[in-house]
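The next block holds one structure in the form of structure tokens; read it before the comments.
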Amino acid sequence: MEIGQLEAFIRAYRDGSFTRAAESLNLTQPAVSTRIQSLEAELGGAVFERQGRELRLTPLGERFLPYAERILAVMNDGLQAVKDFRQGRIGQVKIAAPTPLVLSFLVDALERFRREYPSVDVLIRERNKTTILDMLHDKTITLGLVNAPVFDSRMVTLAEFHDPIQAVVSSQHPLAQAGPMPMEAIHQHTIFRVSMFPQMTAFMDELVEHGRQGSGGAVIAVPMVMALQLVTMGQGVTFLPESYVRPAVARGELAVLTIADMPPLVSRPVLIAVRERELDKVHQAFVEVFTKLY
């Protein structure tokens, strides 16, 4: 059995077709097919079945997949260890997170980690949740910080955090000094819709419908990064995680509204890794620093 066969098998499973797998591996489609066929000959049965244009694992393929992933993980870890040794490097922390979590959680975590482990390399990628899961499977990164829930059973949760959602406006906004208020008080103001998890999506959908008049009759759905900037400029109201708005609130740029009938909404960022991949010492150290900080 060759590494190339395992790479073709895993890539075809993740991409859903031999053609896309070939593009990912920089091979021809016949070359990927040949590698899969050779693997099936060794295993004594088919690992894929076609369902329309997509590939699905056979029971044999499902049984073999975690072992193939483990083999590639061990090989990649070994190659990285040798590379670190040859370059005189202690190790490298590799983590990815969506933009809001990079700007809220990872800035402070990196500053603390660098003080305690100044000789360790750090690679932080800014990606969306789906891409982060793919990168974890591909061993491009070792840790991921994403919003729960994570339904992939091959992932393990290393730490979970509770981040309350807050209503915020510019400190110069008319509502900034209003004190406790009912939800209907914000309906006459522009509301920027953001969403991170199902409960928040349902809440925001209902809220912006009531707030159409204040938004000129429009629903304004924007990314969290943009909502934060627009509200800081005094453009309206939005709802964001406490960790994300904390620096702007501390600088006096934003004010947190007290809304008596606002449901308790909490974002749950989770630090995850591949279940079958043992963390090396530098990643264990990063997880320890991270969890102590938050």
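Just so we're on the same page: first chain in the structure tokens is A, next is B, and so on; residues restart at 1 for each chain, and ligands are numbered from 1 in the order they show up.
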
Would you list the contacts of range 59-75 of chain A as a PyMOL selection string, taking every protein, DNA or RNA residue within 7 Å and counting only C-alpha atoms, but skipping same-chain residues closer than 3 positions in sequence?
-> chain A and resi 6+47-48+78-79+139+276-277

Of the listed residues A:Glu288, A:Glu2, A:Glu278, A:Glu40, that which approaches Val156 in chain A most closely, counting only C-alpha atoms = A:Glu278

Near-Leu175 in chain A list (10 Å; only C-alpha atoms; drop same-chain fewer than 2 positions) as a ChimeraX atom specification | /A:168-173,177-181,185-186,189,236-237,255-258

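For range 117-223 of chain A, the set of residues given alpha helix (DSSP H) by DSSP on the backbone reads Lys129, Thr130, Thr131, Ile132, Leu133, Asp134, Met135, Leu136, His137, Asp138, Pro198, Gln199, Met200, Thr201, Ala202, Phe203, Met204, Asp205, Glu206, Leu207, Val208, Glu209 and His210 of chain A.
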
Nearest to Asp134 in chain A among A:Ala273, A:Val289, A:Gly216, A:Met226, with distances taken over only C-alpha atoms: which residue is it?
->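 Of all the options, A:Ala273 lies closest to Asp134 in chain A.
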
Residue nearest Leu265 in chain A - candidates A:Glu23, A:Glu206, A:Glu242, A:Glu7, atoms counted: only C-alpha atoms =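 For Leu265 in chain A, the nearest of the given residues is A:Glu242.
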
Quick one: everything within 10 Å of Pro264 in chain A, counting only C-alpha atoms, minus sequence neighbours fewer than 5 positions away in the same chain. Send it as a ChimeraX atom specification.
-> /A:164-166,199-200

Extract, using only C-alpha atoms, all DNA, RNA and protein residues at most 8 Å from Leu228 in chain A, discarding same-chain residues fewer than 4 positions from it, and format them as a ChimeraX atom specification.
-> /A:224,232,238,240,245

Residue among A:Ile36, A:Gly144, A:Pro269, A:Ala285 lying closest to Arg114 in chain A, counting only C-alpha atoms = A:Ala285

Between CA of Pro100 in chain A and CA of Lys292 in chain A, distance in Å (one decimal) |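 Here the two named atoms are 20.3 Å from each other.
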
Closest of A:Val249, A:Gly4, A:Met262, A:Ala109 to Val122 in chain A - atom-to-atom distances counting only C-alpha atoms |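 Checking each candidate against Val122 in chain A, we get A:Ala109 as the closest.
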